[in-house]
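A.B. asks: Quick one: the structure is below, and I'll ask about it shortly.
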Amino acid sequence: MKLEFEEIVEQIITVSSREEFGNDFAATKSLKHTKSSLQATLLREFPDDAY
């Protein structure tokens with residue numbers, strides 16, 4: 001399944017808004033990993049659209 005540019009950006013924004021539990025909370029670490037993965041996908045799949 002290939003995501004569209006807008007879908008990835010929307011997911012990054014959604015994950016970012018959920019990082020409210022503190023840095024030591026396990027879910028926060030998982031969300032940060034997910035966000036990093038989505039950002040890497042965005043840069044890899046859409047290098048001309050992401051900056």
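Letters A, B, ... mark the chains of the structure tokens in the order given; residue numbers begin at 1 per chain; ligand numbers begin at 1, in order shown.
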Quick one: residues within 12 Å of Ile13 (chain A), only C-alpha atoms, excluding same-chain residues fewer than 5 positions away - as a PyMOL selection string?
C.D. replies: chain A and resi 6-8+18-19+31-32+34-36+38-39
A.B. asks: Please give the complete set of residues from chain A that DSSP, run on the backbone, assigns to helix (DSSP H, G or I), formatted as a ChimeraX atom specification.
C.D. replies: /A:5-17,26-45
A.B. asks: Residues of the last selection are to be written out with N, CA and C atoms, as a short mmCIF file (atom, residue, chain, number, x, y, z; two decimals), in the first residue's frame.
C.D. replies:
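The resulting file, selection_12.cif, is shown below:
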data_model
loop_
_atom_site.label_atom_id
_atom_site.label_comp_id
_atom_site.auth_asym_id
_atom_site.auth_seq_id
_atom_site.Cartn_x
_atom_site.Cartn_y
_atom_site.Cartn_z
N PHE A 5 1.12 11.78 -0.52
CA PHE A 5 1.83 12.83 0.21
C PHE A 5 0.97 13.42 1.33
N GLU A 6 -0.25 13.81 0.99
CA GLU A 6 -1.13 14.46 1.96
C GLU A 6 -1.47 13.53 3.12
N GLU A 7 -1.64 12.24 2.84
CA GLU A 7 -1.95 11.28 3.89
C GLU A 7 -0.80 11.16 4.89
N ILE A 8 0.42 11.12 4.38
CA ILE A 8 1.58 11.02 5.26
C ILE A 8 1.70 12.26 6.14
N VAL A 9 1.54 13.42 5.54
CA VAL A 9 1.62 14.67 6.30
C VAL A 9 0.54 14.69 7.38
N GLU A 10 -0.66 14.28 7.04
CA GLU A 10 -1.76 14.24 8.01
C GLU A 10 -1.44 13.29 9.16
N GLN A 11 -0.85 12.15 8.85
CA GLN A 11 -0.48 11.20 9.90
C GLN A 11 0.61 11.76 10.80
N ILE A 12 1.59 12.46 10.22
CA ILE A 12 2.65 13.08 11.02
C ILE A 12 2.06 14.10 11.98
N ILE A 13 1.15 14.92 11.48
CA ILE A 13 0.51 15.93 12.34
C ILE A 13 -0.29 15.26 13.45
N THR A 14 -1.01 14.20 13.12
CA THR A 14 -1.81 13.48 14.11
C THR A 14 -0.92 12.88 15.20
N VAL A 15 0.16 12.25 14.80
CA VAL A 15 1.08 11.65 15.77
C VAL A 15 1.72 12.73 16.63
N SER A 16 2.08 13.85 16.03
CA SER A 16 2.71 14.94 16.78
C SER A 16 1.78 15.48 17.86
N SER A 17 0.50 15.54 17.57
CA SER A 17 -0.46 16.08 18.53
C SER A 17 -0.71 15.13 19.70
N ALA A 26 6.08 5.18 27.72
CA ALA A 26 6.35 4.24 26.62
C ALA A 26 5.59 4.61 25.34
N ALA A 27 4.37 5.06 25.48
CA ALA A 27 3.58 5.42 24.29
C ALA A 27 4.19 6.63 23.57
N THR A 28 4.76 7.56 24.32
CA THR A 28 5.40 8.72 23.71
C THR A 28 6.60 8.29 22.87
N LYS A 29 7.38 7.36 23.40
CA LYS A 29 8.54 6.86 22.65
C LYS A 29 8.08 6.17 21.37
N SER A 30 7.02 5.41 21.45
CA SER A 30 6.48 4.72 20.29
C SER A 30 5.97 5.73 19.25
N LEU A 31 5.29 6.76 19.72
CA LEU A 31 4.78 7.79 18.80
C LEU A 31 5.93 8.53 18.11
N LYS A 32 6.99 8.80 18.85
CA LYS A 32 8.15 9.48 18.25
C LYS A 32 8.79 8.60 17.19
N HIS A 33 8.85 7.29 17.44
CA HIS A 33 9.39 6.36 16.45
C HIS A 33 8.50 6.35 15.21
N THR A 34 7.20 6.31 15.41
CA THR A 34 6.25 6.33 14.30
C THR A 34 6.40 7.60 13.49
N LYS A 35 6.51 8.73 14.18
CA LYS A 35 6.66 10.02 13.51
C LYS A 35 7.95 10.05 12.68
N SER A 36 9.04 9.56 13.25
CA SER A 36 10.31 9.52 12.52
C SER A 36 10.21 8.64 11.28
N SER A 37 9.55 7.52 11.42
CA SER A 37 9.37 6.61 10.29
C SER A 37 8.54 7.26 9.19
N LEU A 38 7.48 7.94 9.57
CA LEU A 38 6.65 8.64 8.58
C LEU A 38 7.42 9.76 7.89
N GLN A 39 8.23 10.49 8.66
CA GLN A 39 9.03 11.56 8.07
C GLN A 39 10.05 11.00 7.09
N ALA A 40 10.67 9.88 7.43
CA ALA A 40 11.62 9.25 6.52
C ALA A 40 10.93 8.78 5.25
N THR A 41 9.74 8.22 5.39
CA THR A 41 8.97 7.80 4.22
C THR A 41 8.63 8.99 3.34
N LEU A 42 8.24 10.08 3.95
CA LEU A 42 7.91 11.30 3.21
C LEU A 42 9.11 11.78 2.40
N LEU A 43 10.27 11.82 3.02
CA LEU A 43 11.47 12.28 2.32
C LEU A 43 11.92 11.31 1.23
N ARG A 44 11.77 10.02 1.50
CA ARG A 44 12.20 9.00 0.54
C ARG A 44 11.26 8.94 -0.67
N GLU A 45 9.96 8.99 -0.43
CA GLU A 45 8.97 8.84 -1.49
C GLU A 45 8.68 10.13 -2.25
#
